[in-house]
file model.cif (mmCIF, C-alpha atoms and all ligand atoms)
data_work
loop_
_atom_site.label_atom_id
_atom_site.label_comp_id
_atom_site.auth_asym_id
_atom_site.auth_seq_id
_atom_site.Cartn_x
_atom_site.Cartn_y
_atom_site.Cartn_z
CA MET A 970 -14.75 15.76 -100.14
CA LYS A 971 -13.26 19.17 -100.80
CA MET A 972 -13.27 21.58 -97.87
CA ARG A 973 -15.71 24.45 -98.26
CA VAL A 974 -14.53 27.84 -96.96
CA CYS A 975 -16.85 30.80 -96.35
CA LYS A 976 -16.45 33.52 -98.98
CA ARG A 977 -16.57 36.35 -96.44
CA CYS A 978 -14.67 34.94 -93.43
CA VAL A 979 -12.42 31.85 -93.15
CA MET A 980 -14.70 29.44 -91.29
CA ASN A 981 -14.88 26.06 -93.03
CA ASP A 982 -16.79 22.81 -92.97
CA SER A 983 -13.78 20.66 -92.22
CA SER A 984 -13.27 21.91 -88.69
CA ASP A 985 -16.93 22.72 -88.07
CA LYS A 986 -19.79 20.33 -88.72
CA LEU A 987 -22.47 22.83 -87.63
CA ILE A 988 -21.61 25.41 -90.28
CA THR A 989 -24.16 26.31 -92.97
CA PHE A 990 -23.75 28.41 -96.13
CA ASP A 991 -26.20 30.69 -97.93
CA GLY A 992 -26.56 31.19 -101.70
CA ASN A 993 -23.65 33.68 -101.75
CA GLY A 994 -21.34 31.21 -100.03
CA TYR A 995 -21.42 33.21 -96.78
CA CYS A 996 -21.55 31.18 -93.56
CA ASN A 997 -23.99 31.37 -90.65
CA TYR A 998 -21.22 32.51 -88.29
CA CYS A 999 -20.24 35.74 -90.04
CA THR A 1000 -23.82 36.44 -91.14
CA ASN A 1001 -25.03 36.27 -87.52
CA ALA A 1002 -22.02 38.24 -86.26
CA LEU A 1003 -22.78 41.05 -88.70
CA ILE A 1004 -26.41 41.14 -87.53
CA LYS A 1005 -25.27 41.36 -83.89
CA LYS A 1006 -22.51 43.87 -84.60
CA LYS A 1007 -24.66 47.00 -84.49
CA HIS A 1008 -26.26 45.98 -81.20
CA ILE A 1009 -23.05 44.96 -79.41
CA TYR A 1010 -20.05 46.81 -80.78
CA PHE A 1011 -19.73 50.60 -80.49
CA PRO A 1012 -16.27 51.57 -81.75
CA ASN A 1013 -17.28 55.17 -82.51
CA GLY A 1014 -18.69 58.19 -80.66
CA GLU A 1015 -21.55 56.35 -78.97
CA GLY A 1016 -19.05 54.06 -77.25
CA GLN A 1017 -17.23 57.02 -75.70
CA LEU A 1018 -20.44 58.16 -74.12
CA MET A 1019 -21.14 54.64 -72.87
CA ILE A 1020 -17.71 54.50 -71.24
CA LYS A 1021 -18.24 57.85 -69.55
CA ARG A 1022 -21.55 56.69 -68.12
CA MET A 1023 -20.16 53.30 -67.12
CA VAL A 1024 -17.16 54.80 -65.28
CA GLU A 1025 -19.39 57.26 -63.39
CA GLU A 1026 -21.75 54.45 -62.43
CA ILE A 1027 -18.93 52.18 -61.24
CA LYS A 1028 -17.20 54.93 -59.25
CA LYS A 1029 -20.46 55.93 -57.60
CA ASP A 1030 -21.12 52.34 -56.59
CA GLY A 1031 -17.56 51.93 -55.27
CA LYS A 1032 -17.84 54.82 -52.81
CA GLY A 1033 -17.07 53.60 -49.30
CA LYS A 1034 -15.79 50.25 -50.64
CA LYS A 1035 -12.16 49.18 -50.98
CA TYR A 1036 -12.53 48.52 -54.72
CA ASP A 1037 -14.75 49.91 -57.46
CA CYS A 1038 -14.75 46.71 -59.49
CA ILE A 1039 -13.20 43.28 -59.90
CA MET A 1040 -11.76 41.40 -62.88
CA GLY A 1041 -9.78 38.33 -63.81
CA ILE A 1042 -6.47 38.73 -65.60
CA SER A 1043 -4.93 35.90 -67.62
CA GLY A 1044 -1.89 37.77 -68.91
CA GLY A 1045 -3.33 37.71 -72.44
CA LEU A 1046 -4.09 40.80 -74.48
CA ASP A 1047 -7.80 41.25 -73.69
CA SER A 1048 -7.58 41.27 -69.91
CA SER A 1049 -4.22 43.11 -69.86
CA TYR A 1050 -5.54 45.87 -72.09
CA LEU A 1051 -8.74 46.08 -70.06
CA LEU A 1052 -6.74 46.47 -66.84
CA TYR A 1053 -4.73 49.27 -68.46
CA LEU A 1054 -7.91 51.04 -69.63
CA GLY A 1055 -9.48 50.71 -66.18
CA TYR A 1056 -6.37 52.29 -64.72
CA LYS A 1057 -6.60 55.16 -67.23
CA TRP A 1058 -10.25 55.68 -66.29
CA GLY A 1059 -9.25 55.98 -62.64
CA LEU A 1060 -11.04 52.82 -61.48
CA ARG A 1061 -9.84 51.10 -58.32
CA ILE A 1062 -9.63 47.55 -59.60
CA LEU A 1063 -9.18 44.29 -57.75
CA ALA A 1064 -7.52 41.94 -60.26
CA ILE A 1065 -7.30 38.17 -59.81
CA HIS A 1066 -4.86 35.92 -61.61
CA VAL A 1067 -4.83 32.13 -61.42
CA ASP A 1068 -1.25 30.92 -61.57
CA ASP A 1069 -1.65 27.28 -62.54
CA GLY A 1070 2.09 26.83 -63.04
CA TYR A 1071 1.86 27.07 -66.84
CA ASP A 1072 2.32 30.81 -67.39
CA THR A 1073 5.04 31.54 -69.93
CA ASP A 1074 8.00 33.65 -68.78
CA ILE A 1075 6.85 36.48 -71.04
CA SER A 1076 3.40 36.36 -69.48
CA LYS A 1077 4.79 36.41 -65.93
CA SER A 1078 6.91 39.42 -66.74
CA ASN A 1079 4.01 41.17 -68.52
CA ILE A 1080 1.74 40.79 -65.49
CA ALA A 1081 4.48 42.13 -63.19
CA LYS A 1082 5.10 45.10 -65.51
CA LEU A 1083 1.39 45.94 -65.67
CA SER A 1084 0.97 45.72 -61.92
CA LYS A 1085 3.97 47.97 -61.32
CA ALA A 1086 2.99 50.59 -63.91
CA THR A 1087 -0.67 50.80 -62.84
CA GLY A 1088 -0.13 50.30 -59.11
CA ILE A 1089 -3.02 47.82 -59.23
CA ASP A 1090 -2.78 44.87 -56.87
CA ILE A 1091 -3.00 41.65 -58.79
CA HIS A 1092 -3.96 38.84 -56.42
CA ASN A 1093 -2.21 35.68 -57.44
CA ILE A 1094 -4.11 32.48 -56.79
CA VAL A 1095 -1.96 29.34 -56.85
CA PRO A 1096 -4.02 26.13 -56.89
CA ASP A 1097 -2.46 23.02 -55.34
CA LYS A 1098 -0.09 21.89 -58.08
CA ASP A 1099 -0.52 18.10 -57.76
CA GLN A 1100 -4.28 18.18 -57.43
CA PHE A 1101 -4.70 20.69 -60.25
CA ASN A 1102 -2.60 18.57 -62.58
CA GLY A 1103 -4.43 15.44 -61.42
CA LEU A 1104 -7.68 17.09 -62.52
CA ILE A 1105 -6.23 18.12 -65.89
CA LYS A 1106 -5.06 14.55 -66.39
CA ALA A 1107 -8.57 13.27 -65.61
CA TYR A 1108 -10.02 15.64 -68.24
CA MET A 1109 -7.48 14.48 -70.81
CA LYS A 1110 -8.12 10.81 -70.05
CA ALA A 1111 -11.86 11.49 -70.34
CA GLY A 1112 -11.16 12.83 -73.85
CA VAL A 1113 -13.49 15.82 -73.45
CA PRO A 1114 -12.90 19.08 -75.34
CA ASN A 1115 -12.92 21.73 -72.61
CA VAL A 1116 -9.75 20.84 -70.71
CA ALA A 1117 -9.54 24.53 -69.79
CA ALA A 1118 -12.68 24.21 -67.62
CA PRO A 1119 -10.87 23.50 -64.30
CA GLN A 1120 -8.74 26.64 -64.57
CA ASP A 1121 -11.76 28.76 -65.47
CA ASN A 1122 -13.85 27.30 -62.67
CA ILE A 1123 -11.13 28.03 -60.11
CA LEU A 1124 -10.91 31.63 -61.39
CA PHE A 1125 -14.70 32.06 -61.10
CA ALA A 1126 -14.62 30.63 -57.57
CA PHE A 1127 -12.11 33.26 -56.48
CA LEU A 1128 -13.69 36.13 -58.39
CA TYR A 1129 -17.04 35.56 -56.73
CA SER A 1130 -15.67 34.91 -53.26
CA GLU A 1131 -13.52 38.06 -53.42
CA ALA A 1132 -16.49 40.06 -54.71
CA LYS A 1133 -18.43 38.83 -51.69
CA LYS A 1134 -15.60 39.69 -49.32
CA TYR A 1135 -15.33 43.28 -50.57
CA ARG A 1136 -19.02 43.70 -51.50
CA THR A 1137 -17.96 44.55 -55.06
CA THR A 1138 -20.90 44.88 -57.43
CA TYR A 1139 -19.21 45.52 -60.78
CA PHE A 1140 -17.37 42.88 -62.78
CA LEU A 1141 -15.22 43.96 -65.73
CA SER A 1142 -15.02 41.37 -68.47
CA GLY A 1143 -12.49 41.24 -71.30
CA GLU A 1144 -15.01 39.46 -73.54
CA ASN A 1145 -15.26 41.40 -76.76
CA PHE A 1146 -16.86 41.48 -80.16
CA ALA A 1147 -13.76 42.59 -82.08
CA LEU A 1148 -11.67 39.46 -81.52
CA GLU A 1149 -14.32 36.98 -80.43
CA CYS A 1150 -17.51 37.67 -82.39
CA ILE A 1151 -17.10 34.31 -84.08
CA LEU A 1152 -16.74 31.38 -81.74
CA GLN A 1153 -17.16 27.89 -83.00
CA ALA A 1154 -20.30 26.20 -81.75
CA GLY A 1155 -20.05 22.70 -80.33
CA ASN A 1156 -17.03 21.08 -78.67
CA THR A 1157 -17.46 23.06 -75.50
CA HIS A 1158 -19.19 23.05 -72.14
CA SER A 1159 -19.59 25.63 -69.40
CA ALA A 1160 -16.71 25.73 -66.93
CA ARG A 1161 -19.24 26.64 -64.22
CA ASP A 1162 -20.86 23.22 -64.34
CA LYS A 1163 -19.40 21.68 -61.19
CA VAL A 1164 -21.53 18.54 -61.56
CA ASN A 1165 -19.77 17.82 -64.87
CA LEU A 1166 -16.35 18.58 -63.42
CA MET A 1167 -16.87 16.31 -60.42
CA ASP A 1168 -18.22 13.45 -62.53
CA ILE A 1169 -15.27 13.60 -64.93
CA TYR A 1170 -12.95 13.58 -61.94
CA HIS A 1171 -14.72 10.70 -60.23
CA LYS A 1172 -14.52 8.57 -63.37
CA TYR A 1173 -10.95 9.38 -64.36
CA GLY A 1174 -9.26 11.05 -61.39
CA GLU A 1175 -6.77 9.26 -59.20
CA GLU A 1176 -5.79 11.01 -55.99
CA GLY A 1177 -8.00 13.81 -54.63
CA ILE A 1178 -9.16 17.34 -55.33
CA ASP A 1179 -10.09 18.43 -51.81
CA LYS A 1180 -7.49 21.23 -51.75
CA LEU A 1181 -8.95 22.91 -54.84
CA ARG A 1182 -11.72 25.44 -54.54
CA PHE A 1183 -14.54 25.27 -57.08
CA THR A 1184 -17.76 27.06 -57.73
CA SER A 1185 -21.01 26.03 -59.38
CA ASN A 1186 -23.76 27.52 -61.51
CA TRP A 1187 -25.99 27.75 -58.43
CA ARG A 1188 -23.41 29.36 -56.20
CA ILE A 1189 -22.62 31.96 -58.88
CA LEU A 1190 -26.31 32.65 -59.37
CA ALA A 1191 -26.83 33.09 -55.61
CA THR A 1192 -23.88 35.50 -55.30
CA ARG A 1193 -24.98 37.48 -58.33
CA PHE A 1194 -28.40 37.82 -56.78
CA GLU A 1195 -27.10 38.63 -53.29
CA LEU A 1196 -24.69 41.34 -54.43
CA GLY A 1197 -26.69 42.52 -57.43
CA ILE A 1198 -23.66 41.90 -59.62
CA LYS A 1199 -23.44 43.83 -62.85
CA GLU A 1200 -21.06 42.81 -65.61
CA ARG A 1201 -19.60 45.30 -68.08
CA LYS A 1202 -17.64 44.56 -71.28
CA PRO A 1203 -15.89 47.86 -72.06
CA LEU A 1204 -13.81 46.47 -74.94
CA ASN A 1205 -17.06 46.62 -76.91
CA TYR A 1206 -17.26 50.39 -76.37
CA ILE A 1207 -13.94 51.17 -78.04
CA ASP A 1208 -12.39 50.60 -81.44
CA TYR A 1209 -10.57 47.53 -80.17
CA ASN A 1210 -7.73 46.80 -82.54
CA ARG A 1211 -5.34 44.00 -81.65
CA ASN A 1212 -2.13 45.49 -83.06
CA ARG A 1213 -2.82 48.94 -81.70
CA ALA A 1214 -3.62 47.56 -78.23
CA PHE A 1215 -0.32 45.63 -78.15
CA LYS A 1216 1.59 48.73 -79.21
CA GLU A 1217 -0.11 50.89 -76.60
CA LEU A 1218 0.66 48.39 -73.85
CA GLU A 1219 4.25 48.14 -75.02
CA GLN A 1220 4.68 51.92 -74.82
CA PHE A 1221 2.94 52.05 -71.45
CA CYS A 1222 4.89 49.40 -69.56
CA GLY A 1223 7.13 47.45 -71.95
CA PHE A 1224 4.49 44.72 -72.43
CA GLN A 1225 5.92 42.05 -74.74
CA TYR A 1226 4.14 40.27 -77.57
CA TYR A 1227 3.78 36.56 -76.72
CA GLY A 1228 2.55 35.16 -80.05
CA ALA A 1229 -0.98 34.30 -81.13
CA LYS A 1230 -4.17 34.38 -79.05
CA HIS A 1231 -4.11 32.31 -75.83
CA LEU A 1232 -0.38 31.67 -76.02
CA GLU A 1233 0.30 33.39 -72.72
CA ASN A 1234 -0.09 30.05 -70.95
CA LYS A 1235 1.57 26.77 -71.99
CA LEU A 1236 -1.38 24.58 -71.08
CA THR A 1237 -3.81 26.87 -72.93
CA ALA A 1238 -1.49 26.85 -75.94
CA PHE A 1239 -1.49 23.05 -75.88
CA ILE A 1240 -5.30 22.89 -75.57
CA GLN A 1241 -5.91 25.44 -78.32
CA LEU A 1242 -3.34 24.32 -80.84
CA VAL A 1243 -2.87 20.61 -80.23
CA TRP A 1244 -5.79 19.19 -78.25
CA PHE A 1245 -8.52 20.74 -80.38
CA THR A 1246 -6.74 20.18 -83.69
CA LYS A 1247 -5.52 16.62 -83.20
CA LYS A 1248 -8.48 15.23 -81.26
CA PHE A 1249 -11.44 17.22 -82.54
CA GLY A 1250 -10.24 18.35 -85.97
CA VAL A 1251 -10.86 21.97 -84.96
CA ASP A 1252 -8.46 24.71 -85.96
CA LYS A 1253 -9.24 27.43 -83.41
CA ARG A 1254 -7.40 30.03 -85.48
CA THR A 1255 -10.28 30.17 -87.97
CA SER A 1256 -12.70 31.67 -85.39
CA HIS A 1257 -10.19 34.23 -84.22
CA LEU A 1258 -9.16 35.30 -87.72
CA SER A 1259 -12.79 35.39 -88.89
CA SER A 1260 -13.67 37.65 -85.94
CA MET A 1261 -10.90 40.02 -86.99
CA ILE A 1262 -12.24 40.08 -90.57
CA ILE A 1263 -15.72 41.02 -89.30
CA SER A 1264 -14.31 43.77 -87.04
CA ASP A 1265 -12.37 45.14 -90.04
CA GLN A 1266 -8.84 44.61 -88.75
CA LEU A 1267 -7.73 41.95 -91.20
CA THR A 1268 -8.58 41.13 -94.80
CA ARG A 1269 -9.77 37.69 -95.81
CA SER A 1270 -6.68 37.09 -97.93
CA GLU A 1271 -4.40 38.04 -95.02
CA ALA A 1272 -6.29 35.57 -92.84
CA LEU A 1273 -5.92 32.81 -95.46
CA ASP A 1274 -2.17 33.47 -95.52
CA VAL A 1275 -1.98 33.08 -91.74
CA LEU A 1276 -3.79 29.75 -92.02
CA LYS A 1277 -1.16 28.48 -94.48
CA GLN A 1278 1.48 28.88 -91.78
CA PRO A 1279 2.14 26.00 -89.37
CA LEU A 1280 -0.05 25.93 -86.27
CA TYR A 1281 2.89 26.21 -83.92
CA ASP A 1282 6.62 26.15 -83.58
CA GLU A 1283 7.56 22.47 -83.14
CA LYS A 1284 10.49 23.14 -80.82
CA MET A 1285 8.45 25.37 -78.55
CA MET A 1286 5.52 22.97 -78.42
CA ASN A 1287 7.80 20.01 -77.70
CA SER A 1288 9.14 21.80 -74.66
CA TYR A 1289 5.52 22.43 -73.57
CA PHE A 1290 4.69 18.72 -74.10
CA ASN A 1291 7.60 17.76 -71.86
CA GLU A 1292 6.54 20.12 -69.12
CA ILE A 1293 2.92 18.94 -69.27
CA LYS A 1294 3.98 15.27 -69.20
CA GLU A 1295 6.19 15.92 -66.21
CA ASN A 1296 3.47 17.77 -64.29
CA LEU A 1297 0.85 15.15 -65.16
CA ARG A 1298 3.34 12.41 -64.28
CA ILE A 1299 2.82 10.55 -67.53
CA ASP A 1300 5.40 9.05 -69.87
CA ASP A 1301 5.53 9.28 -73.67
CA ASN A 1302 3.53 6.07 -73.96
CA GLU A 1303 0.64 7.21 -71.82
CA PHE A 1304 0.66 10.61 -73.51
CA ASP A 1305 0.35 8.94 -76.93
CA GLN A 1306 -2.44 6.72 -75.62
CA ILE A 1307 -4.35 9.77 -74.38
CA MET A 1308 -3.83 11.58 -77.68
CA ASN A 1309 -5.00 8.57 -79.71
CA ALA A 1310 -7.95 7.55 -77.51
CA PRO A 1311 -11.50 8.20 -78.74
CA VAL A 1312 -13.06 11.55 -77.87
CA HIS A 1313 -16.11 12.09 -75.67
CA LEU A 1314 -18.63 14.86 -75.18
CA HIS A 1315 -19.10 16.59 -71.84
CA GLU A 1316 -22.74 15.55 -72.08
CA GLU A 1317 -21.73 11.89 -71.82
CA PHE A 1318 -20.95 12.72 -68.17
CA LYS A 1319 -23.37 14.01 -65.56
CA THR A 1320 -24.31 17.65 -66.08
CA ASP A 1321 -26.16 20.17 -63.94
CA ARG A 1322 -29.45 19.29 -65.63
CA LEU A 1323 -31.60 20.98 -63.02
CA TYR A 1324 -29.84 24.32 -63.57
CA TYR A 1325 -30.01 24.15 -67.36
CA GLY A 1326 -33.65 23.04 -67.14
CA VAL A 1327 -34.54 26.01 -64.93
CA ILE A 1328 -32.67 28.43 -67.22
CA ALA A 1329 -34.40 27.02 -70.32
CA MET A 1330 -37.78 27.27 -68.62
CA GLY A 1331 -37.00 30.86 -67.55
CA SER A 1332 -36.21 31.90 -71.10
CA ARG A 1333 -39.38 30.19 -72.40
CA VAL A 1334 -41.47 32.10 -69.85
CA LYS A 1335 -39.70 35.38 -70.77
CA LYS A 1336 -40.50 34.82 -74.46
CA MET A 1337 -44.11 34.00 -73.65
CA VAL A 1338 -44.52 37.16 -71.52
CA ARG A 1339 -42.99 39.24 -74.32
CA ARG A 1340 -45.41 37.69 -76.86
CA ILE A 1341 -48.43 38.39 -74.66
CA HIS A 1342 -47.19 41.94 -74.05
CA ARG A 1343 -46.75 42.51 -77.80
CA LYS A 1344 -50.23 41.16 -78.53
CA SER A 1345 -51.87 43.42 -75.93
CA MET A 1346 -49.91 46.41 -77.28
CA ASN A 1347 -51.14 45.65 -80.81
CA LYS A 1348 -54.74 45.34 -79.59
CA SER A 1349 -54.61 48.68 -77.81
CA LYS A 1350 -53.33 50.41 -80.95
ZN ZN A 1401 -18.39 33.35 -92.82
#

call {"tool": "encode", "arguments": {"input": "model.cif", "output": "structure tokens"}}
result
Amino acid sequence: MKMRVCKRCVMNDSSDKLITFDGNGYCNYCTNALIKKKHIYFPNGEGQLMIKRMVEEIKKDGKGKKYDCIMGISGGLDSSYLLYLGYKWGLRILAIHVDDGYDTDISKSNIAKLSKATGIDIHNIVPDKDQFNGLIKAYMKAGVPNVAAPQDNILFAFLYSEAKKYRTTYFLSGENFALECILQAGNTHSARDKVNLMDIYHKYGEEGIDKLRFTSNWRILATRFELGIKERKPLNYIDYNRNRAFKELEQFCGFQYYGAKHLENKLTAFIQLVWFTKKFGVDKRTSHLSSMIISDQLTRSEALDVLKQPLYDEKMMNSYFNEIKENLRIDDNEFDQIMNAPVHLHEEFKTDRLYYGVIAMGSRVKKMVRRIHRKSMNKSK
């Protein structure tokens, strides 16, 4: 069957089975993103005002504390640019970076340059190398999509424990509409689900993971409640343009371009470009490029041209394969076996059903209360 591509963005039905098209040939992803755009993304004057208010609020809350706010930094564009903006706004930021041993040299040097130029302390968390790689190997053997979950979970664990230590209320998040308004549905699972992580490890892990520090949905919820944590996504309050942001960072501290999205880390590059494509038939570039079309920083024909290019540089990726194989202590044979084995969903393993059940019930109750409120408002009119 011929692949069907959306006529407005570049999402298609070959890499996404959940996609639907309307009579104009526009897909559900870009249609929904455009509906959300005016409620989420404020690239003009209104955003400036929102930033001013946000910065005042954060500084007021930070009085008497060591830090005004906390954030994670991967070394990629979003978090690096956010750190730079926070510095420009005069925020005292505590930044956390998880060094899982797979940072590219460019990324390492970018983080060092940013830290030096802003004077912001970037706390480097180094998980136990053998146990971390043992866990990654378990995820790969399990054949589940979100192999990035362990790294994310470890980052959350440190973010929340540091927030607790310094009583920091505000979290800055690099999540943004401009480059991420279209994210493929399916083939994912929350990194905060410790039940899922532990079950995958128990079924496929070999040695131990007692030296790694994890968090869970419940622990995060409890800390959020205890500290009254507030999350802000300032990249939605500016005209966030990828090329301009890179240029600005380059002029500020000599930040170097590292290639496409997520390529600041060799393991992430492998997951994004090889794992998802080869095992799940998903080309992650389509979501990213489609997001850029919707936020008006790329035309559809430019995006289609990008998609005609090879996914990655073979030589570079081969060197990443070798490093991953060495760290995971697997030979070519076992690597091929893992790559050719059938895939599985995270839901085939234990999940934190109680948490998701409570959340679902909470949102049903919220909807019901809203409906009753609306009805009583209508009656009183
Ligand atoms: Zn579309």

call {"tool": "closest_atom_pairs", "arguments": {"input": "model.cif", "of": "chain A", "to": "ligand ZN 1401 (chain A)", "cutoff": "12 Å", "atoms": "all atoms listed in the file", "output": "JSON lines"}}
result
{"residue": "A:Arg973", "atom": "CA", "partner": "A:ZN1401", "partner_atom": "ZN", "distance": 10.8}
{"residue": "A:Val974", "atom": "CA", "partner": "A:ZN1401", "partner_atom": "ZN", "distance": 7.9}
{"residue": "A:Cys975", "atom": "CA", "partner": "A:ZN1401", "partner_atom": "ZN", "distance": 4.6}
{"residue": "A:Lys976", "atom": "CA", "partner": "A:ZN1401", "partner_atom": "ZN", "distance": 6.5}
{"residue": "A:Arg977", "atom": "CA", "partner": "A:ZN1401", "partner_atom": "ZN", "distance": 5.0}
{"residue": "A:Cys978", "atom": "CA", "partner": "A:ZN1401", "partner_atom": "ZN", "distance": 4.1}
{"residue": "A:Val979", "atom": "CA", "partner": "A:ZN1401", "partner_atom": "ZN", "distance": 6.2}
{"residue": "A:Met980", "atom": "CA", "partner": "A:ZN1401", "partner_atom": "ZN", "distance": 5.6}
{"residue": "A:Asn981", "atom": "CA", "partner": "A:ZN1401", "partner_atom": "ZN", "distance": 8.1}
{"residue": "A:Asp982", "atom": "CA", "partner": "A:ZN1401", "partner_atom": "ZN", "distance": 10.7}
{"residue": "A:Asp985", "atom": "CA", "partner": "A:ZN1401", "partner_atom": "ZN", "distance": 11.7}
{"residue": "A:Ile988", "atom": "CA", "partner": "A:ZN1401", "partner_atom": "ZN", "distance": 8.9}
{"residue": "A:Thr989", "atom": "CA", "partner": "A:ZN1401", "partner_atom": "ZN", "distance": 9.1}
{"residue": "A:Phe990", "atom": "CA", "partner": "A:ZN1401", "partner_atom": "ZN", "distance": 8.0}
{"residue": "A:Asp991", "atom": "CA", "partner": "A:ZN1401", "partner_atom": "ZN", "distance": 9.7}
{"residue": "A:Asn993", "atom": "CA", "partner": "A:ZN1401", "partner_atom": "ZN", "distance": 10.4}
{"residue": "A:Gly994", "atom": "CA", "partner": "A:ZN1401", "partner_atom": "ZN", "distance": 8.1}
{"residue": "A:Tyr995", "atom": "CA", "partner": "A:ZN1401", "partner_atom": "ZN", "distance": 5.0}
{"residue": "A:Cys996", "atom": "CA", "partner": "A:ZN1401", "partner_atom": "ZN", "distance": 3.9}
{"residue": "A:Asn997", "atom": "CA", "partner": "A:ZN1401", "partner_atom": "ZN", "distance": 6.3}
{"residue": "A:Tyr998", "atom": "CA", "partner": "A:ZN1401", "partner_atom": "ZN", "distance": 5.4}
{"residue": "A:Cys999", "atom": "CA", "partner": "A:ZN1401", "partner_atom": "ZN", "distance": 4.1}
{"residue": "A:Thr1000", "atom": "CA", "partner": "A:ZN1401", "partner_atom": "ZN", "distance": 6.5}
{"residue": "A:Asn1001", "atom": "CA", "partner": "A:ZN1401", "partner_atom": "ZN", "distance": 9.0}
{"residue": "A:Ala1002", "atom": "CA", "partner": "A:ZN1401", "partner_atom": "ZN", "distance": 9.0}
{"residue": "A:Leu1003", "atom": "CA", "partner": "A:ZN1401", "partner_atom": "ZN", "distance": 9.8}
{"residue": "A:Cys1150", "atom": "CA", "partner": "A:ZN1401", "partner_atom": "ZN", "distance": 11.3}
{"residue": "A:Ile1151", "atom": "CA", "partner": "A:ZN1401", "partner_atom": "ZN", "distance": 8.9}
{"residue": "A:Leu1152", "atom": "CA", "partner": "A:ZN1401", "partner_atom": "ZN", "distance": 11.4}
{"residue": "A:Gln1153", "atom": "CA", "partner": "A:ZN1401", "partner_atom": "ZN", "distance": 11.3}
{"residue": "A:Thr1255", "atom": "CA", "partner": "A:ZN1401", "partner_atom": "ZN", "distance": 10.0}
{"residue": "A:Ser1256", "atom": "CA", "partner": "A:ZN1401", "partner_atom": "ZN", "distance": 9.5}
{"residue": "A:His1257", "atom": "CA", "partner": "A:ZN1401", "partner_atom": "ZN", "distance": 11.9}
{"residue": "A:Leu1258", "atom": "CA", "partner": "A:ZN1401", "partner_atom": "ZN", "distance": 10.7}
{"residue": "A:Ser1259", "atom": "CA", "partner": "A:ZN1401", "partner_atom": "ZN", "distance": 7.1}
{"residue": "A:Ser1260", "atom": "CA", "partner": "A:ZN1401", "partner_atom": "ZN", "distance": 9.4}
{"residue": "A:Met1261", "atom": "CA", "partner": "A:ZN1401", "partner_atom": "ZN", "distance": 11.6}
{"residue": "A:Ile1262", "atom": "CA", "partner": "A:ZN1401", "partner_atom": "ZN", "distance": 9.4}
{"residue": "A:Ile1263", "atom": "CA", "partner": "A:ZN1401", "partner_atom": "ZN", "distance": 8.9}
{"residue": "A:Arg1269", "atom": "CA", "partner": "A:ZN1401", "partner_atom": "ZN", "distance": 10.1}

call {"tool": "atom_distance", "arguments": {"input": "model.cif", "atom1": "atom CA of Gly1250 of chain A", "atom2": "atom CA of Glu1316 of chain A"}}
result
18.9 Å

call {"tool": "closest_atom_pairs", "arguments": {"input": "model.cif", "of": "segment 1172-1225 of chain A", "to": "segment 1318-1329 of chain A", "cutoff": "10 Å", "atoms": "all atoms listed in the file", "output": "tab-separated table"}}
result
residue	atom	partner	partner_atom	distance
A:Lys1172	CA	A:Phe1318	CA	9.0
A:Ser1185	CA	A:Asp1321	CA	9.0
A:Asn1186	CA	A:Tyr1324	CA	7.2
A:Trp1187	CA	A:Tyr1324	CA	7.3
A:Leu1190	CA	A:Tyr1324	CA	10.0

call {"tool": "closest_residue", "arguments": {"input": "model.cif", "among": "A:Arg1211, A:Glu1233, A:Gly1055, A:Ser1076", "to": "Gly1088 of chain A", "atoms": "only C-alpha atoms"}}
result
A:Gly1055

call {"tool": "closest_residue", "arguments": {"input": "model.cif", "among": "A:Leu1232, A:Tyr1173, A:Arg1182, A:Asn1102", "to": "Lys1294 of chain A", "atoms": "only C-alpha atoms"}}
result
A:Asn1102

call {"tool": "atom_distance", "arguments": {"input": "model.cif", "atom1": "atom CA of Asn1212 of chain A", "atom2": "atom CA of Tyr1227 of chain A"}}
result
12.4 Å

call {"tool": "closest_residue", "arguments": {"input": "model.cif", "among": "A:Asn1234, A:Asn1205, A:Gln1225, A:Ser1332", "to": "Phe1011 of chain A", "atoms": "all atoms listed in the file"}}
result
A:Asn1205
